[in-house]
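Q: Here you go, protein32.txt (compact mmCIF, C-alpha atoms and all ligand atoms):
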# COMPACT_ATOMS: atom_id res chain seq x y z
CA MET A 1 -94.39 14.50 -2.21
CA SER A 2 -96.55 16.24 -4.78
CA LEU A 3 -95.32 19.13 -6.94
CA LYS A 4 -97.17 22.32 -5.91
CA VAL A 5 -98.30 24.14 -9.03
CA GLY A 6 -99.80 27.57 -9.71
CA VAL A 7 -101.84 28.15 -12.89
CA ILE A 8 -101.93 31.56 -14.63
CA GLY A 9 -104.91 31.99 -16.95
CA THR A 10 -108.04 29.98 -16.26
CA GLY A 11 -109.75 30.17 -19.65
CA MET A 12 -110.38 27.23 -21.97
CA ILE A 13 -107.05 25.45 -21.83
CA GLY A 14 -106.28 26.61 -18.30
CA GLN A 15 -109.43 24.87 -17.08
CA ASP A 16 -108.64 21.76 -19.10
CA HIS A 17 -105.10 21.58 -17.68
CA ILE A 18 -106.41 22.12 -14.12
CA ARG A 19 -108.77 19.18 -14.71
CA ARG A 20 -105.95 16.89 -15.84
CA LEU A 21 -103.60 18.05 -13.05
CA THR A 22 -106.24 17.44 -10.38
CA GLU A 23 -108.27 14.51 -11.74
CA VAL A 24 -106.04 12.55 -14.12
CA LEU A 25 -102.39 12.84 -13.14
CA SER A 26 -100.57 12.03 -9.92
CA GLY A 27 -97.61 13.64 -8.16
CA VAL A 28 -99.02 17.13 -8.56
CA ASP A 29 -101.35 19.53 -6.71
CA VAL A 30 -102.81 22.78 -8.07
CA VAL A 31 -102.33 25.05 -5.05
CA ALA A 32 -102.88 28.45 -6.69
CA VAL A 33 -104.57 30.11 -9.65
CA THR A 34 -104.88 33.63 -11.07
CA ASP A 35 -106.61 35.33 -13.97
CA ILE A 36 -107.24 38.96 -14.89
CA VAL A 37 -110.89 37.93 -14.68
CA GLN A 38 -110.94 37.12 -10.98
CA ASP A 39 -114.36 35.45 -11.02
CA ARG A 40 -113.09 33.03 -13.62
CA ALA A 41 -110.09 32.21 -11.46
CA ARG A 42 -112.29 31.66 -8.41
CA ALA A 43 -114.62 29.38 -10.37
CA ALA A 44 -111.71 27.33 -11.71
CA ALA A 45 -109.78 27.03 -8.43
CA PRO A 46 -109.67 23.49 -7.06
CA ARG A 47 -110.79 23.12 -3.44
CA GLY A 48 -108.19 24.67 -1.12
CA ALA A 49 -106.26 26.49 -3.86
CA ALA A 50 -105.35 30.15 -3.30
CA VAL A 51 -106.64 32.74 -5.77
CA PHE A 52 -104.00 35.41 -6.39
CA ASP A 53 -104.66 38.94 -7.68
CA THR A 54 -101.70 38.95 -10.06
CA PRO A 55 -99.38 36.51 -11.85
CA GLN A 56 -96.41 38.10 -10.04
CA ALA A 57 -97.94 37.37 -6.62
CA LEU A 58 -98.59 33.75 -7.64
CA ILE A 59 -95.09 33.25 -9.04
CA SER A 60 -93.35 34.67 -5.97
CA SER A 61 -95.50 32.74 -3.47
CA ASP A 62 -93.52 30.26 -1.34
CA ALA A 63 -96.45 27.86 -1.70
CA VAL A 64 -95.86 27.58 -5.47
CA GLU A 65 -92.99 25.36 -6.65
CA ALA A 66 -93.75 25.39 -10.39
CA VAL A 67 -95.98 27.40 -12.73
CA VAL A 68 -98.31 26.63 -15.66
CA ILE A 69 -98.92 29.62 -17.98
CA CYS A 70 -102.21 29.51 -19.91
CA SER A 71 -102.71 33.25 -20.47
CA TRP A 72 -102.75 34.86 -23.93
CA GLY A 73 -99.55 34.82 -25.99
CA PRO A 74 -98.65 38.54 -25.58
CA ALA A 75 -98.69 38.10 -21.77
CA HIS A 76 -96.29 35.15 -21.76
CA GLU A 77 -92.97 37.04 -21.86
CA GLU A 78 -93.44 38.95 -18.61
CA GLN A 79 -94.72 35.85 -16.82
CA LEU A 80 -91.91 33.64 -18.14
CA LEU A 81 -89.25 36.15 -17.10
CA ALA A 82 -90.73 36.32 -13.61
CA CYS A 83 -90.69 32.49 -13.31
CA ILE A 84 -87.09 32.33 -14.50
CA ALA A 85 -86.07 35.11 -12.09
CA ALA A 86 -87.71 33.10 -9.28
CA GLY A 87 -85.88 29.94 -10.44
CA LYS A 88 -89.18 28.07 -10.83
CA PRO A 89 -89.86 25.48 -13.55
CA VAL A 90 -92.59 26.68 -15.88
CA PHE A 91 -94.83 25.04 -18.44
CA CYS A 92 -95.88 27.72 -20.96
CA GLU A 93 -98.65 27.19 -23.48
CA LYS A 94 -97.80 28.03 -27.07
CA PRO A 95 -96.90 30.45 -28.50
CA LEU A 96 -93.82 30.89 -26.30
CA VAL A 97 -94.00 34.64 -27.03
CA THR A 98 -95.13 36.74 -29.95
CA SER A 99 -91.90 38.33 -31.26
CA GLU A 100 -88.31 37.34 -31.96
CA ALA A 101 -87.03 40.00 -29.56
CA ALA A 102 -89.18 38.61 -26.75
CA ALA A 103 -88.02 35.04 -27.46
CA ARG A 104 -84.40 36.16 -27.23
CA ARG A 105 -85.01 37.93 -23.92
CA VAL A 106 -86.53 34.77 -22.43
CA MET A 107 -83.69 32.65 -23.82
CA GLU A 108 -81.03 35.01 -22.45
CA ALA A 109 -82.61 34.94 -19.00
CA GLU A 110 -82.73 31.13 -18.96
CA VAL A 111 -79.17 30.83 -20.25
CA ILE A 112 -77.95 33.11 -17.43
CA VAL A 113 -79.60 30.80 -14.87
CA GLY A 114 -77.72 27.97 -16.59
CA ARG A 115 -80.41 25.29 -16.45
CA ARG A 116 -83.56 24.64 -18.41
CA LEU A 117 -86.67 25.88 -16.65
CA VAL A 118 -89.13 26.31 -19.54
CA GLN A 119 -91.20 23.68 -21.37
CA VAL A 120 -93.37 24.97 -24.25
CA GLY A 121 -96.81 23.46 -24.90
CA PHE A 122 -96.10 21.79 -28.23
CA MET A 123 -98.21 18.76 -27.32
CA ARG A 124 -98.05 17.09 -30.74
CA ARG A 125 -94.58 15.79 -29.81
CA PHE A 126 -96.26 13.71 -27.09
CA ASP A 127 -98.99 12.28 -29.33
CA ALA A 128 -98.62 8.52 -29.88
CA ASP A 129 -99.37 8.77 -33.63
CA TYR A 130 -96.79 11.51 -34.23
CA ARG A 131 -94.25 9.56 -32.16
CA ARG A 132 -94.80 6.44 -34.29
CA LEU A 133 -94.43 8.56 -37.44
CA LYS A 134 -91.15 9.97 -36.18
CA ARG A 135 -89.83 6.50 -35.34
CA VAL A 136 -90.50 5.38 -38.93
CA ILE A 137 -88.72 8.41 -40.40
CA ASP A 138 -85.78 8.21 -38.00
CA GLY A 139 -85.54 4.45 -38.67
CA GLY A 140 -84.53 5.28 -42.25
CA SER A 141 -86.34 2.36 -43.96
CA LEU A 142 -88.17 4.79 -46.29
CA GLY A 143 -85.03 6.73 -47.18
CA ALA A 144 -84.65 10.47 -46.78
CA PRO A 145 -87.78 12.59 -46.27
CA LEU A 146 -88.49 14.89 -49.23
CA MET A 147 -91.86 16.52 -48.49
CA PHE A 148 -94.22 16.81 -45.53
CA HIS A 149 -97.91 17.64 -45.99
CA SER A 150 -99.43 19.07 -42.82
CA VAL A 151 -103.13 19.86 -42.52
CA HIS A 152 -104.34 21.91 -39.55
CA ARG A 153 -108.09 22.52 -39.49
CA ASN A 154 -110.20 24.02 -36.70
CA ALA A 155 -113.98 23.98 -36.73
CA SER A 156 -113.99 27.55 -35.41
CA VAL A 157 -112.05 29.97 -33.23
CA PRO A 158 -113.43 32.30 -30.58
CA VAL A 159 -114.76 35.47 -32.17
CA GLY A 160 -113.00 38.72 -31.26
CA LEU A 161 -110.12 37.12 -29.37
CA TYR A 162 -107.59 37.19 -32.19
CA THR A 163 -106.33 39.57 -34.89
CA SER A 164 -106.51 38.75 -38.61
CA ASP A 165 -102.98 37.30 -38.39
CA MET A 166 -104.00 34.56 -35.96
CA PRO A 167 -103.64 31.62 -38.39
CA LEU A 168 -100.01 32.65 -38.95
CA ASN A 169 -98.92 34.05 -35.57
CA ASP A 170 -100.80 31.63 -33.30
CA THR A 171 -101.77 28.45 -35.16
CA LEU A 172 -98.81 27.89 -37.52
CA VAL A 173 -96.38 27.47 -34.59
CA HIS A 174 -97.65 23.90 -34.06
CA ASP A 175 -96.90 22.92 -37.67
CA ALA A 176 -93.54 24.68 -37.58
CA ASP A 177 -92.54 22.83 -34.42
CA ILE A 178 -93.76 19.40 -35.50
CA SER A 179 -91.98 19.79 -38.85
CA ARG A 180 -88.64 20.61 -37.18
CA TRP A 181 -89.08 17.71 -34.75
CA LEU A 182 -90.31 15.09 -37.23
CA LEU A 183 -87.67 15.93 -39.81
CA SER A 184 -84.84 16.76 -37.36
CA ASP A 185 -84.27 19.84 -39.48
CA GLU A 186 -84.44 23.62 -39.14
CA ILE A 187 -86.76 25.88 -41.11
CA ILE A 188 -84.81 28.42 -43.15
CA GLY A 189 -87.48 30.04 -45.33
CA VAL A 190 -91.22 30.60 -45.55
CA GLU A 191 -93.68 31.39 -48.36
CA VAL A 192 -97.40 32.04 -47.95
CA ARG A 193 -100.26 31.87 -50.43
CA VAL A 194 -103.64 33.29 -49.54
CA PRO A 195 -106.60 31.80 -51.40
CA ARG A 196 -110.12 33.15 -51.52
CA ARG A 197 -111.09 34.08 -47.97
CA SER A 198 -113.63 32.01 -46.04
CA THR A 199 -116.75 34.03 -45.32
CA ARG A 200 -116.99 32.31 -41.91
CA GLY A 201 -113.89 33.92 -40.44
CA GLY A 202 -114.78 37.60 -40.31
CA ASP A 203 -111.54 39.59 -40.52
CA LEU A 204 -109.31 36.55 -40.15
CA ARG A 205 -106.89 35.78 -42.95
CA ASP A 206 -108.27 32.27 -43.32
CA PRO A 207 -107.46 29.87 -44.88
CA VAL A 208 -103.77 30.06 -45.80
CA ILE A 209 -101.27 27.78 -47.46
CA VAL A 210 -97.76 28.01 -46.06
CA LEU A 211 -94.64 26.54 -47.63
CA LEU A 212 -91.76 25.90 -45.24
CA HIS A 213 -88.25 25.33 -46.60
CA THR A 214 -85.91 23.31 -44.39
CA ALA A 215 -82.11 23.45 -44.21
CA SER A 216 -81.76 20.04 -45.90
CA GLY A 217 -84.17 20.98 -48.70
CA VAL A 218 -87.39 19.32 -47.51
CA LEU A 219 -90.53 21.27 -48.49
CA VAL A 220 -93.43 21.34 -46.02
CA ASP A 221 -96.84 22.50 -47.18
CA VAL A 222 -99.23 23.51 -44.42
CA GLU A 223 -102.93 24.12 -44.87
CA ILE A 224 -104.34 26.21 -42.06
CA SER A 225 -108.10 26.61 -41.88
CA VAL A 226 -109.43 27.89 -38.59
CA ASN A 227 -113.14 28.08 -39.37
CA ILE A 228 -113.87 24.97 -41.38
CA ALA A 229 -117.07 24.10 -39.50
CA TYR A 230 -117.00 20.29 -39.74
CA GLY A 231 -114.51 19.51 -36.96
CA TYR A 232 -110.91 19.52 -35.80
CA ASP A 233 -108.92 17.68 -38.42
CA ILE A 234 -105.16 17.23 -38.12
CA ARG A 235 -103.37 15.30 -40.85
CA GLY A 236 -99.75 14.65 -41.69
CA GLU A 237 -97.99 12.68 -44.40
CA VAL A 238 -94.26 12.47 -45.05
CA SER A 239 -93.13 11.55 -48.57
CA CYS A 240 -89.71 9.91 -48.54
CA GLU A 241 -87.40 8.50 -51.23
CA GLN A 242 -88.85 4.98 -51.00
CA GLY A 243 -92.28 5.34 -49.45
CA VAL A 244 -94.76 7.44 -47.58
CA ALA A 245 -95.59 7.50 -43.87
CA ALA A 246 -98.75 9.17 -42.60
CA LEU A 247 -100.70 9.77 -39.42
CA PRO A 248 -103.67 7.38 -39.28
CA ASN A 249 -107.21 8.65 -39.27
CA ARG A 250 -108.09 8.79 -35.62
CA PRO A 251 -109.72 5.50 -34.64
CA ALA A 252 -113.34 6.16 -33.73
CA THR A 253 -116.55 4.22 -33.53
CA VAL A 254 -117.96 3.47 -36.97
CA ILE A 255 -121.61 4.53 -37.10
CA SER A 256 -123.93 3.01 -39.67
CA ASP A 257 -127.42 4.44 -40.05
CA ARG A 258 -129.80 5.72 -42.71
CA HIS A 259 -127.30 8.50 -43.58
CA GLY A 260 -124.57 5.99 -44.39
CA ILE A 261 -121.39 4.78 -42.70
CA ARG A 262 -119.29 7.36 -40.88
CA GLN A 263 -116.76 8.02 -38.11
CA ALA A 264 -116.89 10.91 -35.70
CA ILE A 265 -114.39 13.77 -36.12
CA PRO A 266 -112.95 15.38 -32.96
CA GLU A 267 -114.71 18.59 -32.03
CA ASP A 268 -111.57 20.45 -31.02
CA TRP A 269 -107.98 20.16 -29.79
CA ARG A 270 -109.10 19.06 -26.31
CA GLU A 271 -110.57 15.86 -27.74
CA ARG A 272 -107.99 15.13 -30.46
CA PHE A 273 -104.94 15.59 -28.25
CA ILE A 274 -106.33 14.53 -24.88
CA GLU A 275 -103.74 11.78 -24.33
CA ALA A 276 -100.93 13.97 -25.72
CA TYR A 277 -101.66 16.73 -23.19
CA ASP A 278 -101.74 14.12 -20.41
CA GLN A 279 -98.38 12.76 -21.51
CA GLU A 280 -96.72 16.19 -21.91
CA PHE A 281 -97.70 16.97 -18.31
CA ARG A 282 -96.58 13.55 -17.03
CA GLU A 283 -93.13 14.29 -18.41
CA TRP A 284 -93.23 17.92 -17.22
CA ILE A 285 -94.11 16.88 -13.65
CA VAL A 286 -91.12 14.52 -13.50
CA ALA A 287 -88.67 17.20 -14.69
CA ALA A 288 -90.23 20.08 -12.74
CA SER A 289 -90.10 18.00 -9.54
CA GLU A 290 -86.34 17.89 -10.09
CA GLY A 291 -86.24 21.68 -10.60
CA THR A 292 -85.74 21.61 -14.36
CA ALA A 293 -87.49 21.13 -17.71
CA THR A 294 -87.28 18.74 -20.66
CA GLY A 295 -89.42 18.52 -23.81
CA PRO A 296 -89.94 21.46 -26.20
CA SER A 297 -87.59 24.23 -25.10
CA THR A 298 -87.25 27.98 -25.27
CA TRP A 299 -85.09 27.36 -28.34
CA ASP A 300 -87.97 25.49 -29.97
CA GLY A 301 -90.35 28.31 -29.05
CA TYR A 302 -87.87 30.79 -30.55
CA ALA A 303 -87.65 28.77 -33.79
CA ALA A 304 -91.45 28.64 -34.10
CA THR A 305 -91.69 32.39 -33.44
CA LEU A 306 -89.19 33.06 -36.24
CA THR A 307 -91.31 30.97 -38.59
CA ALA A 308 -94.46 32.88 -37.66
CA ASP A 309 -92.66 36.22 -38.10
CA ALA A 310 -91.33 35.15 -41.50
CA ALA A 311 -94.82 34.00 -42.55
CA LEU A 312 -96.23 37.42 -41.72
CA ARG A 313 -93.48 39.08 -43.77
CA ALA A 314 -94.15 36.66 -46.62
CA VAL A 315 -97.79 37.71 -46.79
CA SER A 316 -96.67 41.28 -47.43
CA SER A 317 -93.76 40.52 -49.75
CA GLY A 318 -95.44 37.70 -51.67
CA GLY A 319 -92.07 35.95 -51.88
CA LEU A 320 -89.72 33.66 -49.97
CA GLU A 321 -88.77 35.11 -46.58
CA ARG A 322 -85.52 33.78 -45.16
CA ILE A 323 -84.98 32.96 -41.50
CA ALA A 324 -81.71 33.75 -39.72
CA MET A 325 -81.25 32.04 -36.35
CA ILE A 326 -78.67 33.00 -33.74
CA ASP A 327 -76.14 30.33 -32.74
CA LYS A 328 -77.85 27.81 -30.53
CA PRO A 329 -76.80 28.25 -26.86
CA ALA A 330 -75.21 25.06 -25.49
CA LEU A 331 -78.07 24.78 -22.97
CA TYR A 332 -80.37 23.72 -25.82
CA ASP A 333 -77.88 21.63 -27.71
CA VAL A 334 -79.85 18.39 -27.80
CA PRO A 335 -80.07 16.99 -31.33
CA LEU A 336 -83.72 17.04 -32.42
CA ALA A 337 -83.53 13.36 -33.31
CA LEU A 338 -82.56 12.39 -29.75
CA ALA A 339 -84.98 14.80 -28.09
CA ALA A 340 -87.85 12.80 -29.58
CA GLU A 341 -88.99 11.09 -26.38
P1 LIG B 1 -108.79 31.86 -23.22
O1 LIG B 1 -109.07 33.25 -23.67
O2 LIG B 1 -109.91 30.90 -23.12
O3 LIG B 1 -108.06 31.90 -21.81
C1 LIG B 1 -106.99 32.76 -21.51
C2 LIG B 1 -107.17 33.24 -20.10
O4 LIG B 1 -106.02 33.97 -19.72
C3 LIG B 1 -108.38 34.19 -19.95
O5 LIG B 1 -109.19 33.75 -18.88
C4 LIG B 1 -107.74 35.55 -19.68
O6 LIG B 1 -108.53 36.37 -18.85
C5 LIG B 1 -106.44 35.14 -19.02
N1 LIG B 1 -105.37 36.11 -19.14
C6 LIG B 1 -104.98 36.73 -20.28
N2 LIG B 1 -103.94 37.56 -20.01
C7 LIG B 1 -103.69 37.45 -18.69
C8 LIG B 1 -102.74 38.04 -17.81
N3 LIG B 1 -101.85 38.94 -18.25
N4 LIG B 1 -102.75 37.67 -16.52
C9 LIG B 1 -103.65 36.78 -16.07
N5 LIG B 1 -104.58 36.19 -16.84
C10 LIG B 1 -104.60 36.52 -18.13
O7 LIG B 1 -107.65 31.29 -24.19
P2 LIG B 1 -107.17 29.78 -24.33
O8 LIG B 1 -107.78 29.20 -25.55
O9 LIG B 1 -107.29 29.07 -23.04
O10 LIG B 1 -105.64 30.01 -24.71
C11 LIG B 1 -104.67 30.34 -23.74
C12 LIG B 1 -103.26 30.04 -24.29
O11 LIG B 1 -103.18 28.66 -24.58
C13 LIG B 1 -102.94 30.78 -25.58
O12 LIG B 1 -101.57 31.09 -25.60
C14 LIG B 1 -103.26 29.74 -26.66
O13 LIG B 1 -102.51 29.92 -27.85
C15 LIG B 1 -102.85 28.46 -25.96
N6 LIG B 1 -103.59 27.28 -26.43
C16 LIG B 1 -102.88 26.17 -26.71
C17 LIG B 1 -103.53 25.05 -27.17
C18 LIG B 1 -102.76 23.83 -27.50
O14 LIG B 1 -103.27 22.98 -28.20
N7 LIG B 1 -101.53 23.66 -27.01
C19 LIG B 1 -104.91 25.05 -27.32
C20 LIG B 1 -105.61 26.19 -27.01
C21 LIG B 1 -104.94 27.31 -26.54
C1 LIG B 2 -105.20 26.68 -30.44
O1 LIG B 2 -104.72 27.81 -29.76
C2 LIG B 2 -104.26 25.58 -30.36
O2 LIG B 2 -103.15 25.70 -29.94
C3 LIG B 2 -104.70 24.36 -31.02
O3 LIG B 2 -103.85 23.27 -30.80
C4 LIG B 2 -104.69 24.71 -32.48
O4 LIG B 2 -105.01 23.61 -33.27
C5 LIG B 2 -105.65 25.84 -32.74
O5 LIG B 2 -105.50 26.20 -34.07
C6 LIG B 2 -105.37 27.04 -31.87
O6 LIG B 2 -106.45 27.93 -31.98
Translate this structure into structure tokens?
A:
Amino acid sequence: MSLKVGVIGTGMIGQDHIRRLTEVLSGVDVVAVTDIVQDRARAAAPRGAAVFDTPQALISSDAVEAVVICSWGPAHEEQLLACIAAGKPVFCEKPLVTSEAAARRVMEAEVIVGRRLVQVGFMRRFDADYRRLKRVIDGGSLGAPLMFHSVHRNASVPVGLYTSDMPLNDTLVHDADISRWLLSDEIIGVEVRVPRRSTRGGDLRDPVIVLLHTASGVLVDVEISVNIAYGYDIRGEVSCEQGVAALPNRPATVISDRHGIRQAIPEDWRERFIEAYDQEFREWIVAASEGTATGPSTWDGYAATLTADAALRAVSSGGLERIAMIDKPALYDVPLALAAE
């Protein structure tokens, strides 16, 4: 029996996820789609899939057993709450939501149901290189982690889709989440430094350097550049007491020609994380078929939202902005170290 899935939002990542759900993965069928741009939904709909006018109609359809949300961040809250009210497992692209208050409303709704229904699209946790890095750190052979250097570079971002805060309220959530997960630690404070602005980014505050402070005292520096032209470049290196562990450069064909010797750089996130997205959905399909969710949770989405909020405050204050989390509901009480895979 295949899991019958409805997809909300059929833009860039919605189309990519529909491709993997229909052409790559098994045990799943995309039976419904919707988008505020109806033509886009019709064009993206796999053969036989229904095209709904609204997310609410898709979520409440008896034909849909589980939902994939790929709409814009500010639309996620309403759609998540509707999925939870319907008792349907839901995969929600990052960011979970775009404010602390919204994250708490989603968490409260899920806690009332009493079982996990939401998985957030933090795909780095499913990437083989990040998983190997985490195994080394958790193994303890390098001693305690002291610093993590995270580099997050995009060649470009769609013009006009985002506000100037995008690097902090949309992009940083990946680095916040992977830091918490890799280090098994919570982020308790955020500083931001804004260098000379790139002329390529229009109004965007780009690039930025973010300093995350964790509960155990690890410092994480994050470079975010969202218009760096040359490619999609994700790097990570953890400095520990007795050694350093880093993500490898992505293996790629080595090209030698009259310009020299070089390796290709991924064009965007679709290429760099292609296997990670496949794996996050493999694991989601297994859990959703059992009526629940595993992987990055609403709690993790809440934590990343708090980091983004604190980063925005830090831009204004110029100082260290502290993060205060509520007590973690028992529903999410899986130690980060054990939630690794
Ligand atoms: P996009 O603009 O290409 O697509 C979004 C689609 O959602 C559009 O077609 C839009 O019309 C539709 N939409 C927006 N609000 C809607 C609503 N209320 N109801 C129905 N449809 C609605 O954007 P995208 O790049 O595909 O990003 C979508 C989401 O995925 C964002 O939250 C983004 O942050 C996230 N994303 C995650 C990754 C990742 O690596 N995990 C990569 C890219 C995007
Ligand atoms: C995009 O929305 C993503 O989530 C990508 O993974 C990220 O690297 C990029 O910065 C965002 O624009």
Q: Atom CA of A:Arg104 and atom CA of A:His17, how far apart in Å?
A: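 Atom CA of A:Arg104 lies at a distance of 27.1 Å from atom CA of A:His17.
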Q: Please report as a Markdown table every residue of chain A lying within 7 Å of ligand LIG 1 (chain B), along with the nearest atom pair and their distance in Å (one decimal), using only C-alpha atoms and all ligand atoms.
A:
| residue | atom | partner | partner_atom | distance |
| --- | --- | --- | --- | --- |
| A:Ile8 | CA | B:LIG1 | C9 | 5.7 |
| A:Gly9 | CA | B:LIG1 | O4 | 3.6 |
| A:Thr10 | CA | B:LIG1 | O5 | 4.7 |
| A:Gly11 | CA | B:LIG1 | O3 | 3.2 |
| A:Met12 | CA | B:LIG1 | O9 | 3.8 |
| A:Ile13 | CA | B:LIG1 | O9 | 3.8 |
| A:Gly14 | CA | B:LIG1 | O9 | 5.4 |
| A:Thr34 | CA | B:LIG1 | C9 | 6.0 |
| A:Asp35 | CA | B:LIG1 | N5 | 3.6 |
| A:Ile36 | CA | B:LIG1 | N5 | 4.3 |
| A:Val37 | CA | B:LIG1 | O6 | 5.0 |
| A:Arg40 | CA | B:LIG1 | O5 | 6.6 |
| A:Thr54 | CA | B:LIG1 | N4 | 6.7 |
| A:Pro55 | CA | B:LIG1 | N4 | 5.9 |
| A:Cys70 | CA | B:LIG1 | C12 | 4.5 |
| A:Ser71 | CA | B:LIG1 | O4 | 3.5 |
| A:Trp72 | CA | B:LIG1 | O12 | 4.3 |
| A:Gly73 | CA | B:LIG1 | O12 | 4.3 |
| A:Ala75 | CA | B:LIG1 | N3 | 4.8 |
| A:Glu93 | CA | B:LIG1 | O11 | 4.9 |
| A:Lys94 | CA | B:LIG1 | O12 | 5.1 |
| A:Pro95 | CA | B:LIG1 | O12 | 5.5 |
| A:Gly121 | CA | B:LIG1 | N7 | 5.2 |
| A:Phe122 | CA | B:LIG1 | N7 | 5.9 |
| A:Met123 | CA | B:LIG1 | N7 | 5.9 |
| A:Leu161 | CA | B:LIG1 | O1 | 7.0 |
| A:Asp170 | CA | B:LIG1 | O13 | 6.0 |
| A:Trp269 | CA | B:LIG1 | O14 | 5.7 |
Q: Give me the residues within 7 Å of stretch 213-219 of chain A as a list in words, counting only C-alpha atoms and dropping any in the same chain fewer than 6 places off.
A: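 Everything that qualifies: Pro145, Leu146, Met147, Phe148, Asp185, Glu186, Ile187, Ile188, Gly189 and Val190 of chain A.
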Q: Write out as a list in words which residues come within 12 Å of A:Arg313 when counting all atoms listed in the file, dropping same-chain ones fewer than 2 positions away.
A: Asp165, Leu168, Asn169, Gly189, Val190, Glu191, Val192, Arg193, Leu306, Thr307, Ala308, Asp309, Ala310, Ala311, Val315, Ser316, Ser317, Gly318, Gly319, Leu320, Glu321, Arg322 and Ile323 of chain A
Q: To one decimal place in Å, what is the distance between atom CA of A:Val222 and atom CA of A:Ser150?
A: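 Taking atom CA of A:Val222 and atom CA of A:Ser150, their separation equals 4.7 Å.
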Q: Please provide as a list in words all residues within 12 Å of A:Gly201, with the sequence filter that same-chain residues fewer than 3 positions apart are discarded (counting all atoms listed in the file).
A: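 Near neighbours after the sequence-gap exclusion: Asn154, Ala155, Ser156, Val157, Pro158, Val159, Gly160, Tyr162, Thr163, Ser164, Asp165, Met166, Pro167, Arg196, Arg197, Ser198, Leu204, Arg205, Asp206, Pro207, Ser225, Val226, Asn227, Ile228 and Ala229 of chain A.
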Q: One decimal, in Å: what's the spacing between atom CA of A:Gln79 and atom CA of A:Arg116?
A: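 For atom CA of A:Gln79 relative to atom CA of A:Arg116, the distance reads 15.9 Å.
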Q: When distances are computed from all atoms listed in the file, which of A:Pro329, A:Gly6, A:Gly87, A:Gly231 shows the smallest separation from ligand LIG 2 (chain B)?
A: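 Looking at the shortest contact to ligand LIG 2 (chain B), the residue is A:Gly231.
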Q: Check the smallest atom-to-atom distance from each of A:Ala264, A:Asp175, A:Thr298, A:Val334 to ligand LIG 2 (chain B) using only C-alpha atoms and all ligand atoms, then report the winner.
A: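 Nearest candidate to ligand LIG 2 (chain B) out of A:Ala264, A:Asp175, A:Thr298, A:Val334: A:Asp175.
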